[in-house]
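Right, one structure below, let's go through it.
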Amino acid sequence: MRIGFPMGHAERMVAFLRDMVRIPSLSTHEQALAVRLAEEMRRVGFTEVWTDRIGNVIGRVGIGRGPKLVFNGHMDTVDVGELDRWPYPPYEAVVQDGVLYGRGACDMKSGLAAMVYAVKALLDAEVELAGDLYVVGVVQEEPCEGLAMKVLVEEEGIRPDYVVLGEPSGLQVKIGHRGRMEMQVKVRGKAAHASSPELGSNAIHSAARLIFGLELLASRLPSDPVLGPGTLTVTQIESQAASRNAVPDCCTFYIDRRLTLGETERKAMAEVQHIIRTEEVDAEVEVPEYWATSYTGYPCTARSVFPAWVTPEDSLLVQAMVRSVRETLGYRPRLGSWVFSTDGTYSAGVADIPTVGFGPGEERYAHTVEEQVRLNDVVDAARVYARLAVELLGAR
């Protein structure tokens, strides 16, 4: 079934995307964008549009029974950093030569726009789906991926049969990514006057020994043929002392650990604990918790552990995605994995829901001052999403 996407659709979709990029939507501050997204869903003609307890915006079309397909996109973005480093102002949604520049352009407001207008294409073609299609704009994905999807499934009761993530993939198909966990290592020393350091025990020096051991460990981590190697890097360090002429008695550092298939939280923790014992350092390691309050007032908490996932290449969902791209855009997409983490860590990694990724924009521009997306790619993504909905849900 071929579904039209006339020029008028493309123009309105681009206008909507530019509106979204112009609205700052840092994590826990997505309300203004949520209002605009819900407004566009209603304008397009979704059967139902509502906001759930954590602040996700949910739009549904369908018959209220049958299989469920969720198109997932996050509303929040990372901050912009130093404004003078941007070639174009991050919230002006500048378009040059068919490319839109700005924060959220590829990560991932373009995916959200394409998902909303895929529904517009289906409605205008009078396609009656034999199941339910949900477009969900989620909150707080950047700091705590999977949290909002967990609320959607476990508290709102929307458990889909399939999930499609609209994160940037260069219009190729992503079938998984490595897991992620954070670790906090707290090293204890003994305070003394800096003029007599031999009377104390410098917590920074002890932490440095652990960090060197971790660097050696990083070179020995296992690899997976689909997801690639596990990685480990120290990302932040801080110390505590009575003054700048005192030996610090506490040093804390944080580890970003990427887990490939077969690696677990327990294994990763044990590796760090082994280095602590080997170096005979007074230290402890733990997984920190994420704490925040949603713009709706919902209290959010989660341990900073996010499992790896892979959807098999021969699964119904992956094959349907491949066919939809091939029949809509005329090429067979490459199958691969993202280097970053997404809401798939919950949908596939925890809830075991078949999940796949496909979206406009390139990974290399996400979180950068050069963030951008080709507008033709946003149109193509919308066309593929519409075709996929029919492929998975059927038409009456």
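As shown in the structure tokens, the chain order sets the letters A, B, ...; within each chain, residues go from 1, and ligands are also counted from 1 in the order they appear.
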
Write out as a tab-separated table (two decimals) with N, CA and C atoms, in the first residue's frame the set of residues from region 212-358 of chain A that DSSP, computed on the backbone, places in strand (DSSP E).
chain	number	residue	atom	x	y	z
A	223	SER	N	33.88	-8.02	24.08
A	223	SER	CA	33.21	-7.40	22.94
A	223	SER	C	32.13	-8.32	22.41
A	224	ASP	N	31.14	-7.74	21.74
A	224	ASP	CA	30.04	-8.49	21.11
A	224	ASP	C	30.05	-8.17	19.62
A	228	GLY	N	29.56	-4.42	19.84
A	228	GLY	CA	30.91	-3.93	20.04
A	228	GLY	C	31.37	-4.13	21.48
A	229	PRO	N	32.47	-3.48	21.86
A	229	PRO	CA	33.08	-3.74	23.17
A	229	PRO	C	32.42	-2.98	24.31
A	231	THR	N	32.90	-0.57	27.50
A	231	THR	CA	33.86	0.51	27.74
A	231	THR	C	33.73	0.99	29.18
A	232	LEU	N	34.78	1.68	29.62
A	232	LEU	CA	34.82	2.23	30.97
A	232	LEU	C	35.61	3.52	30.92
A	233	THR	N	35.04	4.58	31.49
A	233	THR	CA	35.79	5.83	31.57
A	233	THR	C	35.40	6.60	32.82
A	234	VAL	N	36.37	7.25	33.43
A	234	VAL	CA	36.10	8.12	34.58
A	234	VAL	C	35.67	9.48	34.04
A	235	THR	N	34.54	9.97	34.52
A	235	THR	CA	33.94	11.17	33.94
A	235	THR	C	33.95	12.38	34.84
A	236	GLN	N	34.08	12.19	36.15
A	236	GLN	CA	34.01	13.32	37.07
A	236	GLN	C	34.76	12.96	38.34
A	237	ILE	N	35.47	13.94	38.91
A	237	ILE	CA	36.20	13.69	40.15
A	237	ILE	C	36.13	14.93	41.03
A	238	GLU	N	36.02	14.71	42.33
A	238	GLU	CA	35.94	15.82	43.28
A	238	GLU	C	36.57	15.37	44.59
A	239	SER	N	37.13	16.32	45.34
A	239	SER	CA	37.77	15.98	46.61
A	239	SER	C	37.29	16.90	47.71
A	240	GLN	N	37.59	16.49	48.94
A	240	GLN	CA	37.17	17.25	50.13
A	240	GLN	C	38.35	17.38	51.07
A	246	ALA	N	45.59	21.56	53.18
A	246	ALA	CA	45.33	20.38	54.01
A	246	ALA	C	45.28	19.15	53.11
A	247	VAL	N	45.74	18.03	53.62
A	247	VAL	CA	45.65	16.76	52.89
A	247	VAL	C	44.19	16.34	52.81
A	250	CYS	N	38.93	12.86	51.58
A	250	CYS	CA	37.88	12.20	50.79
A	250	CYS	C	38.04	12.59	49.33
A	251	CYS	N	37.90	11.62	48.46
A	251	CYS	CA	37.91	11.86	47.01
A	251	CYS	C	36.86	10.96	46.38
A	252	THR	N	36.00	11.54	45.59
A	252	THR	CA	34.92	10.79	44.94
A	252	THR	C	35.04	10.94	43.44
A	253	PHE	N	34.94	9.83	42.73
A	253	PHE	CA	34.91	9.92	41.27
A	253	PHE	C	33.81	9.01	40.71
A	254	TYR	N	33.44	9.31	39.47
A	254	TYR	CA	32.32	8.61	38.83
A	254	TYR	C	32.80	7.91	37.57
A	255	ILE	N	32.21	6.75	37.33
A	255	ILE	CA	32.57	5.92	36.19
A	255	ILE	C	31.35	5.78	35.28
A	256	ASP	N	31.56	6.00	33.99
A	256	ASP	CA	30.56	5.66	32.98
A	256	ASP	C	30.98	4.31	32.40
A	257	ARG	N	30.15	3.31	32.62
A	257	ARG	CA	30.46	1.94	32.18
A	257	ARG	C	29.43	1.52	31.13
A	258	ARG	N	29.88	1.23	29.92
A	258	ARG	CA	29.00	0.72	28.87
A	258	ARG	C	29.12	-0.80	28.83
A	259	LEU	N	27.95	-1.46	28.92
A	259	LEU	CA	27.89	-2.91	29.05
A	259	LEU	C	27.49	-3.54	27.73
A	283	ALA	N	38.07	2.28	50.19
A	283	ALA	CA	37.11	2.85	49.23
A	283	ALA	C	35.90	1.93	49.11
A	284	GLU	N	34.81	2.52	48.63
A	284	GLU	CA	33.61	1.73	48.35
A	284	GLU	C	33.00	2.22	47.04
A	285	VAL	N	32.33	1.30	46.34
A	285	VAL	CA	31.70	1.63	45.07
A	285	VAL	C	30.22	1.31	45.17
A	286	GLU	N	29.41	2.18	44.59
A	286	GLU	CA	27.96	1.96	44.57
A	286	GLU	C	27.37	2.57	43.31
A	289	GLU	N	21.63	6.89	42.47
A	289	GLU	CA	20.24	6.94	42.03
A	289	GLU	C	19.95	8.28	41.36
A	290	TYR	N	19.09	8.21	40.36
A	290	TYR	CA	18.59	9.41	39.70
A	290	TYR	C	17.37	9.92	40.47
A	291	TRP	N	17.39	11.21	40.79
A	291	TRP	CA	16.26	11.84	41.48
A	291	TRP	C	15.86	13.10	40.73
A	292	ALA	N	14.58	13.27	40.50
A	292	ALA	CA	14.09	14.49	39.85
A	292	ALA	C	12.59	14.60	40.10
A	293	THR	N	12.05	15.76	39.81
A	293	THR	CA	10.61	15.96	39.85
A	293	THR	C	10.16	16.40	38.47
A	299	PRO	N	7.19	12.55	41.32
A	299	PRO	CA	8.54	12.28	41.83
A	299	PRO	C	9.19	11.13	41.06
A	300	CYS	N	10.38	11.37	40.54
A	300	CYS	CA	11.07	10.39	39.70
A	300	CYS	C	12.31	9.88	40.40
A	301	THR	N	12.46	8.58	40.42
A	301	THR	CA	13.68	7.99	40.98
A	301	THR	C	13.97	6.69	40.24
A	302	ALA	N	15.25	6.43	40.02
A	302	ALA	CA	15.65	5.19	39.34
A	302	ALA	C	17.14	4.96	39.60
A	303	ARG	N	17.52	3.70	39.73
A	303	ARG	CA	18.93	3.37	39.82
A	303	ARG	C	19.56	3.56	38.44
A	305	VAL	N	21.21	2.15	36.19
A	305	VAL	CA	21.61	0.92	35.51
A	305	VAL	C	20.63	0.71	34.36
A	306	PHE	N	21.18	0.54	33.14
A	306	PHE	CA	20.35	0.46	31.94
A	306	PHE	C	20.89	-0.67	31.07
A	309	TRP	N	20.57	-4.39	24.85
A	309	TRP	CA	19.52	-5.13	24.17
A	309	TRP	C	19.86	-5.28	22.68
A	310	VAL	N	19.35	-6.35	22.10
A	310	VAL	CA	19.43	-6.58	20.66
A	310	VAL	C	18.15	-7.28	20.23
A	335	LEU	N	21.67	-2.76	8.86
A	335	LEU	CA	21.32	-3.06	10.24
A	335	LEU	C	22.53	-2.81	11.12
A	336	GLY	N	22.31	-2.13	12.23
A	336	GLY	CA	23.42	-1.83	13.12
A	336	GLY	C	22.93	-1.49	14.51
A	337	SER	N	23.82	-0.94	15.32
A	337	SER	CA	23.47	-0.57	16.69
A	337	SER	C	23.89	0.88	16.93
A	338	TRP	N	23.21	1.52	17.88
A	338	TRP	CA	23.59	2.87	18.29
A	338	TRP	C	24.79	2.80	19.23
A	355	THR	N	11.71	-4.19	19.79
A	355	THR	CA	12.03	-2.77	19.62
A	355	THR	C	13.02	-2.61	18.47
A	356	VAL	N	12.85	-1.54	17.72
A	356	VAL	CA	13.74	-1.23	16.61
A	356	VAL	C	13.89	0.28	16.52
A	357	GLY	N	14.98	0.74	15.91
A	357	GLY	CA	15.21	2.17	15.78
A	357	GLY	C	15.33	2.60	14.34

For the contact check between region 142-170 of chain A and region 99-118 of chain A, emit one row per residue of region 142-170 of chain A within 12 Å, containing the shortest atom pair and the distance in Å rounded to one decimal, counting only C-alpha atoms, chain then rising number order, as CSV.
residue,atom,partner,partner_atom,distance
A:Glu142,CA,A:Asp107,CA,9.8
A:Val164,CA,A:Met115,CA,9.9
A:Leu165,CA,A:Gly111,CA,8.5
A:Gly166,CA,A:Gly111,CA,4.9
A:Glu167,CA,A:Met108,CA,5.8
A:Pro168,CA,A:Cys106,CA,6.0
A:Ser169,CA,A:Cys106,CA,9.4
A:Gly170,CA,A:Cys106,CA,9.7

Determine, counting only C-alpha atoms, which protein, DNA and RNA residues have an atom within 12 Å of an atom of region 313-324 of chain A; residues of the same chain fewer than 6 positions away are not included. Present the result as a PDB file with C-alpha atoms, in the first residue's frame.
ATOM      1  CA  MET A   1       0.000   0.000   0.000  1.00  0.00           C
ATOM      2  CA  ARG A   2       1.393   3.379  -1.050  1.00  0.00           C
ATOM      3  CA  ILE A   3       0.524   6.327   1.168  1.00  0.00           C
ATOM      4  CA  LEU A  69       2.447  -0.110  18.078  1.00  0.00           C
ATOM      5  CA  ASP A 161       3.424  -5.248  20.960  1.00  0.00           C
ATOM      6  CA  TYR A 162       6.101  -3.254  19.121  1.00  0.00           C
ATOM      7  CA  VAL A 163       8.159  -0.140  19.814  1.00  0.00           C
ATOM      8  CA  VAL A 164       9.852   2.053  17.202  1.00  0.00           C
ATOM      9  CA  LEU A 165      12.420   4.557  18.455  1.00  0.00           C
ATOM     10  CA  LEU A 171      17.577   6.493   7.914  1.00  0.00           C
ATOM     11  CA  GLN A 172      19.228   3.142   8.606  1.00  0.00           C
ATOM     12  CA  VAL A 173      17.828   0.510  10.979  1.00  0.00           C
ATOM     13  CA  LYS A 174      19.148   0.085  14.514  1.00  0.00           C
ATOM     14  CA  ILE A 175      18.508  -3.199  16.312  1.00  0.00           C
ATOM     15  CA  GLY A 176      20.118  -2.523  19.684  1.00  0.00           C
ATOM     16  CA  VAL A 226      26.726  -6.722  17.089  1.00  0.00           C
ATOM     17  CA  GLY A 330      14.115   2.169  -2.673  1.00  0.00           C
ATOM     18  CA  TYR A 331      17.143   0.787  -0.821  1.00  0.00           C
ATOM     19  CA  ARG A 332      17.858  -1.991   1.656  1.00  0.00           C
ATOM     20  CA  PRO A 333      18.854  -0.343   4.948  1.00  0.00           C
ATOM     21  CA  ARG A 334      21.912  -1.368   6.904  1.00  0.00           C
ATOM     22  CA  LEU A 335      21.316  -3.061  10.241  1.00  0.00           C
ATOM     23  CA  GLY A 336      23.421  -1.829  13.118  1.00  0.00           C
ATOM     24  CA  SER A 337      23.471  -0.568  16.688  1.00  0.00           C
ATOM     25  CA  ILE A 353       9.050  -5.792  23.936  1.00  0.00           C
ATOM     26  CA  PRO A 354      10.302  -6.093  20.341  1.00  0.00           C
ATOM     27  CA  THR A 355      12.034  -2.775  19.620  1.00  0.00           C
ATOM     28  CA  VAL A 356      13.741  -1.234  16.614  1.00  0.00           C
ATOM     29  CA  GLY A 357      15.214   2.168  15.778  1.00  0.00           C
ATOM     30  CA  PHE A 358      14.829   4.349  12.712  1.00  0.00           C
ATOM     31  CA  GLY A 359      14.965   8.110  12.432  1.00  0.00           C
ATOM     32  CA  ASP A 380      11.302  10.286   4.175  1.00  0.00           C
ATOM     33  CA  ALA A 381      11.116   9.131   7.799  1.00  0.00           C
ATOM     34  CA  ALA A 382       7.439  10.106   7.995  1.00  0.00           C
ATOM     35  CA  ARG A 383       6.689   8.126   4.834  1.00  0.00           C
ATOM     36  CA  VAL A 384       8.454   5.047   6.243  1.00  0.00           C
ATOM     37  CA  TYR A 385       6.671   5.306   9.598  1.00  0.00           C
ATOM     38  CA  ALA A 386       3.280   5.413   7.845  1.00  0.00           C
ATOM     39  CA  ARG A 387       4.140   2.387   5.720  1.00  0.00           C
ATOM     40  CA  LEU A 388       5.395   0.493   8.772  1.00  0.00           C
ATOM     41  CA  ALA A 389       2.194   1.117  10.729  1.00  0.00           C
ATOM     42  CA  VAL A 390       0.180  -0.568   7.976  1.00  0.00           C
ATOM     43  CA  GLU A 391       2.744  -3.370   7.731  1.00  0.00           C
ATOM     44  CA  LEU A 392       2.548  -4.169  11.459  1.00  0.00           C
ATOM     45  CA  LEU A 393      -1.060  -3.379  12.335  1.00  0.00           C
ATOM     46  CA  GLY A 394      -2.807  -4.106   9.048  1.00  0.00           C
TER      47      GLY A 394
END

Problem set entry | Distance in Å - CA of Ala203 (chain A) versus CA of Met183 (chain A) | 17.7 Å

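For the atom pair formed by CA of Glu271 (chain A) and CA of Pro222 (chain A), the distance is 12.6 Å, given to one decimal.
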
Problem set entry | Which of region 123-366 of chain A fall in alpha helix (DSSP H), as a PyMOL selection string | chain A and resi 123-124+147-150+203-218+265-279+316-329+344-347
